[in-house]
>>> print(open('run-v7.cif').read())   # mmCIF, C-alpha atoms and all ligand atoms
data_entry
#
loop_
_atom_site.group_PDB
_atom_site.id
_atom_site.type_symbol
_atom_site.label_atom_id
_atom_site.label_comp_id
_atom_site.auth_asym_id
_atom_site.auth_seq_id
_atom_site.Cartn_x
_atom_site.Cartn_y
_atom_site.Cartn_z
ATOM 1 C CA MET E 30 0.000 0.000 0.000
ATOM 2 C CA GLU E 31 1.215 3.488 -0.898
ATOM 3 C CA ILE E 32 0.238 6.604 1.051
ATOM 4 C CA ARG E 33 0.838 9.932 -0.649
ATOM 5 C CA GLN E 34 -0.506 13.470 -0.861
ATOM 6 C CA ALA E 35 -3.824 13.607 -2.721
ATOM 7 C CA ARG E 36 -3.901 15.101 -6.206
ATOM 8 C CA ASN E 37 -6.690 16.684 -8.252
ATOM 9 C CA ASP E 38 -7.120 13.476 -10.219
ATOM 10 C CA ASP E 39 -7.890 11.597 -6.960
ATOM 11 C CA LEU E 40 -11.012 13.698 -6.278
ATOM 12 C CA GLY E 41 -13.491 11.314 -7.897
ATOM 13 C CA ALA E 42 -12.013 8.254 -6.204
ATOM 14 C CA MET E 43 -11.940 10.003 -2.816
ATOM 15 C CA CYS E 44 -15.626 10.901 -3.083
ATOM 16 C CA ALA E 45 -16.395 7.310 -4.129
ATOM 17 C CA VAL E 46 -14.674 5.963 -0.975
ATOM 18 C CA ASP E 47 -17.068 8.028 1.076
ATOM 19 C CA HIS E 48 -20.581 6.658 0.685
ATOM 20 C CA ALA E 49 -21.891 7.732 4.074
ATOM 21 C CA GLY E 50 -21.633 11.501 3.943
ATOM 22 C CA ASN E 51 -23.692 14.132 2.191
ATOM 23 C CA LEU E 52 -21.916 13.951 -1.143
ATOM 24 C CA GLU E 53 -22.269 17.637 -1.997
ATOM 25 C CA GLU E 54 -21.037 18.788 1.415
ATOM 26 C CA ARG E 55 -18.289 16.139 1.667
ATOM 27 C CA GLY E 56 -17.259 16.720 -1.962
ATOM 28 C CA GLY E 57 -16.633 20.395 -1.189
ATOM 29 C CA PHE E 58 -14.566 19.477 1.865
ATOM 30 C CA ILE E 59 -12.526 16.925 -0.111
ATOM 31 C CA ARG E 60 -11.902 19.391 -2.962
ATOM 32 C CA LYS E 61 -10.765 22.098 -0.530
ATOM 33 C CA SER E 62 -8.461 19.673 1.325
ATOM 34 C CA VAL E 63 -6.849 18.474 -1.899
ATOM 35 C CA HIS E 64 -6.306 22.040 -3.102
ATOM 36 C CA GLU E 65 -4.788 23.055 0.234
ATOM 37 C CA GLY E 66 -2.505 20.011 0.264
ATOM 38 C CA THR E 67 -3.910 18.645 3.547
ATOM 39 C CA ALA E 68 -5.382 15.411 2.120
ATOM 40 C CA HIS E 69 -3.462 12.139 1.890
ATOM 41 C CA VAL E 70 -4.658 9.006 0.122
ATOM 42 C CA ALA E 71 -4.000 5.311 0.670
ATOM 43 C CA VAL E 72 -3.625 3.534 -2.670
ATOM 44 C CA LEU E 73 -3.948 -0.218 -3.042
ATOM 45 C CA ASP E 74 -3.627 -2.011 -6.390
ATOM 46 C CA GLY E 75 -3.751 1.369 -8.154
ATOM 47 C CA GLY E 76 -7.002 2.484 -6.486
ATOM 48 C CA VAL E 77 -7.738 4.932 -3.670
ATOM 49 C CA VAL E 78 -9.070 2.952 -0.687
ATOM 50 C CA GLY E 79 -8.986 5.639 1.986
ATOM 51 C CA TYR E 80 -7.866 9.117 2.901
ATOM 52 C CA ALA E 81 -6.912 11.301 5.845
ATOM 53 C CA VAL E 82 -6.919 15.075 6.211
ATOM 54 C CA LEU E 83 -4.419 16.752 8.525
ATOM 55 C CA GLU E 84 -4.866 20.463 9.258
ATOM 56 C CA HIS E 85 -2.989 22.836 11.545
ATOM 57 C CA THR E 86 -5.762 25.346 12.261
ATOM 58 C CA PHE E 87 -6.769 23.930 15.687
ATOM 59 C CA PHE E 88 -4.847 26.172 18.126
ATOM 60 C CA GLU E 89 -1.953 25.761 15.672
ATOM 61 C CA ARG E 90 -1.845 22.037 16.519
ATOM 62 C CA GLY E 91 -2.045 19.223 14.015
ATOM 63 C CA PHE E 92 -5.612 17.921 13.853
ATOM 64 C CA ILE E 93 -6.870 14.948 11.843
ATOM 65 C CA THR E 94 -10.132 16.400 10.553
ATOM 66 C CA MET E 95 -11.103 13.330 8.542
ATOM 67 C CA LEU E 96 -10.164 9.679 8.311
ATOM 68 C CA MET E 97 -12.113 7.546 5.879
ATOM 69 C CA VAL E 98 -11.587 3.999 4.622
ATOM 70 C CA GLY E 99 -13.812 2.414 1.966
ATOM 71 C CA SER E 100 -16.162 -0.099 3.565
ATOM 72 C CA ALA E 101 -14.714 -2.997 1.523
ATOM 73 C CA TYR E 102 -11.200 -2.268 2.839
ATOM 74 C CA ARG E 103 -11.816 -1.859 6.578
ATOM 75 C CA ARG E 104 -10.078 -3.922 9.274
ATOM 76 C CA ARG E 105 -6.990 -4.373 7.097
ATOM 77 C CA GLY E 106 -4.833 -1.728 8.753
ATOM 78 C CA VAL E 107 -5.498 1.061 6.228
ATOM 79 C CA GLY E 108 -6.913 3.499 8.818
ATOM 80 C CA ALA E 109 -4.039 2.880 11.221
ATOM 81 C CA ALA E 110 -1.483 3.337 8.412
ATOM 82 C CA LEU E 111 -3.070 6.652 7.399
ATOM 83 C CA VAL E 112 -2.970 7.903 11.001
ATOM 84 C CA ARG E 113 0.683 6.886 11.370
ATOM 85 C CA HIS E 114 1.471 8.618 8.067
ATOM 86 C CA VAL E 115 -0.092 11.957 9.004
ATOM 87 C CA GLU E 116 1.529 11.763 12.466
ATOM 88 C CA CYS E 117 4.880 11.936 10.628
ATOM 89 C CA LEU E 118 3.698 15.092 8.831
ATOM 90 C CA CYS E 119 2.377 16.776 11.977
ATOM 91 C CA LYS E 120 4.206 20.014 12.821
ATOM 92 C CA SER E 121 3.128 20.173 16.472
ATOM 93 C CA LYS E 122 4.408 18.062 19.352
ATOM 94 C CA ARG E 123 0.899 16.776 20.108
ATOM 95 C CA ILE E 124 -1.620 15.683 17.478
ATOM 96 C CA PHE E 125 -5.380 15.939 17.985
ATOM 97 C CA THR E 126 -8.507 14.464 16.447
ATOM 98 C CA SER E 127 -12.148 13.973 17.373
ATOM 99 C CA THR E 128 -15.030 11.634 16.759
ATOM 100 C CA ASN E 129 -18.626 11.170 17.816
ATOM 101 C CA ARG E 130 -19.343 9.176 20.963
ATOM 102 C CA SER E 131 -21.359 6.797 18.769
ATOM 103 C CA ASN E 132 -18.312 6.014 16.590
ATOM 104 C CA LEU E 133 -16.912 2.979 18.395
ATOM 105 C CA PRO E 134 -14.615 1.820 15.525
ATOM 106 C CA MET E 135 -12.784 5.179 15.492
ATOM 107 C CA GLN E 136 -12.497 5.253 19.307
ATOM 108 C CA SER E 137 -11.134 1.726 19.253
ATOM 109 C CA LEU E 138 -8.587 2.611 16.544
ATOM 110 C CA LEU E 139 -7.409 5.681 18.457
ATOM 111 C CA THR E 140 -7.030 3.768 21.716
ATOM 112 C CA LYS E 141 -5.045 1.082 19.923
ATOM 113 C CA LEU E 142 -2.730 3.739 18.464
ATOM 114 C CA GLY E 143 -2.016 5.285 21.871
ATOM 115 C CA TYR E 144 -4.390 8.272 21.804
ATOM 116 C CA ARG E 145 -6.093 9.385 24.990
ATOM 117 C CA HIS E 146 -9.312 11.224 25.614
ATOM 118 C CA SER E 147 -8.635 14.979 25.932
ATOM 119 C CA GLY E 148 -12.175 16.247 26.431
ATOM 120 C CA THR E 149 -15.756 16.274 25.198
ATOM 121 C CA VAL E 150 -17.772 18.950 23.394
ATOM 122 C CA ASP E 151 -21.563 18.900 23.395
ATOM 123 C CA ASP E 152 -23.912 20.690 21.004
ATOM 124 C CA LEU E 153 -22.206 19.822 17.708
ATOM 125 C CA ASP E 154 -24.281 16.791 16.682
ATOM 126 C CA PRO E 155 -27.459 16.707 18.790
ATOM 127 C CA GLY E 156 -27.402 13.797 21.258
ATOM 128 C CA ASP E 157 -23.981 12.583 20.062
ATOM 129 C CA PRO E 158 -21.144 14.451 21.832
ATOM 130 C CA GLU E 159 -17.796 14.959 20.119
ATOM 131 C CA LEU E 160 -14.928 13.205 21.903
ATOM 132 C CA PHE E 161 -11.513 14.821 21.428
ATOM 133 C CA TYR E 162 -8.400 12.644 21.494
ATOM 134 C CA SER E 163 -4.709 13.452 21.347
ATOM 135 C CA ARG E 164 -1.296 11.829 21.360
ATOM 136 C CA GLN E 165 2.101 13.227 22.285
ATOM 137 C CA LEU E 166 4.419 12.723 19.305
ATOM 138 C CA ARG E 167 7.751 13.975 20.628
HETATM 139 C C1 LIG N 201 -12.776 4.220 11.660
HETATM 140 C C2 LIG N 201 -12.128 3.719 10.363
HETATM 141 C C3 LIG N 201 -11.341 4.851 9.714
HETATM 142 C C4 LIG N 201 -11.169 2.556 10.699
HETATM 143 O O1 LIG N 201 -10.435 2.200 9.543
HETATM 144 P P1 LIG N 201 -9.844 0.724 9.328
HETATM 145 O O2 LIG N 201 -8.979 0.761 8.138
HETATM 146 O O3 LIG N 201 -10.953 -0.257 9.331
HETATM 147 O O4 LIG N 201 -8.995 0.539 10.657
HETATM 148 P P2 LIG N 201 -7.801 -0.506 10.889
HETATM 149 O O5 LIG N 201 -8.001 -1.738 10.061
HETATM 150 O O6 LIG N 201 -6.510 0.213 10.711
HETATM 151 O O7 LIG N 201 -8.042 -0.879 12.418
HETATM 152 C C5 LIG N 201 -7.073 -0.611 13.421
HETATM 153 C C6 LIG N 201 -7.697 -0.974 14.756
HETATM 154 O O8 LIG N 201 -8.816 -0.124 15.035
HETATM 155 C C7 LIG N 201 -9.816 -0.881 15.740
HETATM 156 N N1 LIG N 201 -11.031 -0.987 14.917
HETATM 157 C C8 LIG N 201 -11.183 -0.591 13.623
HETATM 158 N N2 LIG N 201 -12.444 -0.827 13.220
HETATM 159 C C9 LIG N 201 -13.082 -1.387 14.257
HETATM 160 C C10 LIG N 201 -14.410 -1.858 14.437
HETATM 161 N N3 LIG N 201 -15.306 -1.808 13.444
HETATM 162 N N4 LIG N 201 -14.749 -2.365 15.641
HETATM 163 C C11 LIG N 201 -13.847 -2.433 16.648
HETATM 164 N N5 LIG N 201 -12.551 -2.014 16.534
HETATM 165 C C12 LIG N 201 -12.195 -1.491 15.350
HETATM 166 C C13 LIG N 201 -9.211 -2.235 15.985
HETATM 167 O O9 LIG N 201 -8.492 -2.178 17.213
HETATM 168 C C14 LIG N 201 -8.265 -2.361 14.820
HETATM 169 O O10 LIG N 201 -7.230 -3.290 15.035
HETATM 170 P P3 LIG N 201 -7.493 -4.869 14.715
HETATM 171 O O11 LIG N 201 -8.145 -4.953 13.365
HETATM 172 O O12 LIG N 201 -6.103 -5.443 14.752
HETATM 173 O O13 LIG N 201 -8.392 -5.352 15.810
HETATM 174 C C15 LIG N 201 -13.206 3.147 9.374
HETATM 175 O O14 LIG N 201 -14.075 2.301 10.080
HETATM 176 C C16 LIG N 201 -14.010 4.222 8.666
HETATM 177 O O15 LIG N 201 -13.606 4.746 7.623
HETATM 178 N N6 LIG N 201 -15.185 4.563 9.230
HETATM 179 C C17 LIG N 201 -16.043 5.564 8.625
HETATM 180 C C18 LIG N 201 -15.477 6.962 8.727
HETATM 181 C C19 LIG N 201 -15.226 7.382 10.163
HETATM 182 O O16 LIG N 201 -16.023 7.127 11.057
HETATM 183 N N7 LIG N 201 -14.089 8.081 10.377
HETATM 184 C C20 LIG N 201 -13.673 8.527 11.692
HETATM 185 C C21 LIG N 201 -14.186 9.852 12.083
HETATM 186 S S1 LIG N 201 -13.445 11.162 11.133
#
>>> encode(input="run-v7.cif", output="structure tokens")
Amino acid sequence: MEIRQARNDDLGAMCAVDHAGNLEERGGFIRKSVHEGTAHVAVLDGGVVGYAVLEHTFFERGFITMLMVGSAYRRRGVGAALVRHVECLCKSKRIFTSTNRSNLPMQSLLTKLGYRHSGTVDDLDPGDPELFYSRQLR
């Protein structure tokens, strides 16, 4: 598996990986991330199977704003490899991310990779608080 910065010609494949989201809204986010150089894709057998977006706008700390693996490619280590890849690109000493309380797979992945719970924010998604996680990198 290769992980590299996303290019304009990955846009279609990145949107196709992401069946769950509102395609119009998510498509705009993906396009912006690719243009800003914050999106990174995992490529397997020549096809995009997942992507991660790392931004540095959260209190000037690295923050994984999105991690997405195509449903047919989950539980094969792609998500963990993407997280490890963007950790290497993170410019801050601590990296952050967040996920809904209902998202047990993401919480499980983060715990496995050594992240710890840094706090909770209510009132983003009604009835489904946002759990923030972080990991010290150096
Ligand atoms: C969360 C997500 C990115 C995980 O990607 P993945 O490629 O399946 O994860 P990995 O194969 O690298 O899993 C690493 C570890 O995470 C944990 N994990 C991943 N999926 C899990 C699940 N469904 N249930 C329980 N634990 C899970 C396990 O500990 C796993 O290690 P193991 O397979 O050796 O037990 C994927 O499920 C996904 O894209 N979900 C939809 C988008 C999303 O919710 N993104 C996160 C919020 S931005």
>>> atom_distance(input="run-v7.cif", atom1="CA of Gly143 (chain E)", atom2="CA of Glu84 (chain E)")
19.9 Å
>>> resolve_selection(input="run-v7.cif", expression="the PyMOL selection byres (((chain E and resi 126) around 7) and not hetatm)", output="PyMOL selection string")
chain E and resi 92-94+125+127+161-163
>>> residues_near_ligand(input="run-v7.cif", ligand="ligand LIG 201 (chain N)", cutoff="7 Å", atoms="only C-alpha atoms and all ligand atoms", output="VMD selection string")
chain E and resid 94 to 100 102 to 110 127 to 128 132 to 135 137 to 139 141
>>> closest_residue(input="run-v7.cif", among="E:Phe87, E:Ser147, E:Ile32, E:Asp47", to="Arg113 (chain E)", atoms="all atoms listed in the file")
E:Ile32
>>> atom_distance(input="run-v7.cif", atom1="CA of Leu40 (chain E)", atom2="CA of Gly79 (chain E)")
11.7 Å
>>> closest_residue(input="run-v7.cif", among="E:Met30, E:Arg130, E:Arg36, E:Val78", to="Leu153 (chain E)", atoms="all atoms listed in the file")
E:Arg130
>>> resolve_selection(input="run-v7.cif", expression="the PyMOL selection byres (((chain E and resi 31) around 12) and not hetatm)", output="list in words")
Met30, Ile32, Arg33, Gln34, Ala35, His69, Val70, Ala71, Val72, Leu73, Asp74, Gly75, Gly76, Val77, Val78, Gly79, Tyr80, Val107, Ala110, Leu111 and His114 of chain E
>>> closest_residue(input="run-v7.cif", among="E:Arg123, E:Arg90, E:Arg145, E:His85", to="Glu65 (chain E)", atoms="all atoms listed in the file")
E:His85
>>> atom_distance(input="run-v7.cif", atom1="CA of Val63 (chain E)", atom2="CA of Asn37 (chain E)")
6.6 Å
>>> closest_residue(input="run-v7.cif", among="E:Arg60, E:Arg167, E:Lys122, E:His48", to="Val82 (chain E)", atoms="all atoms listed in the file")
E:Arg60
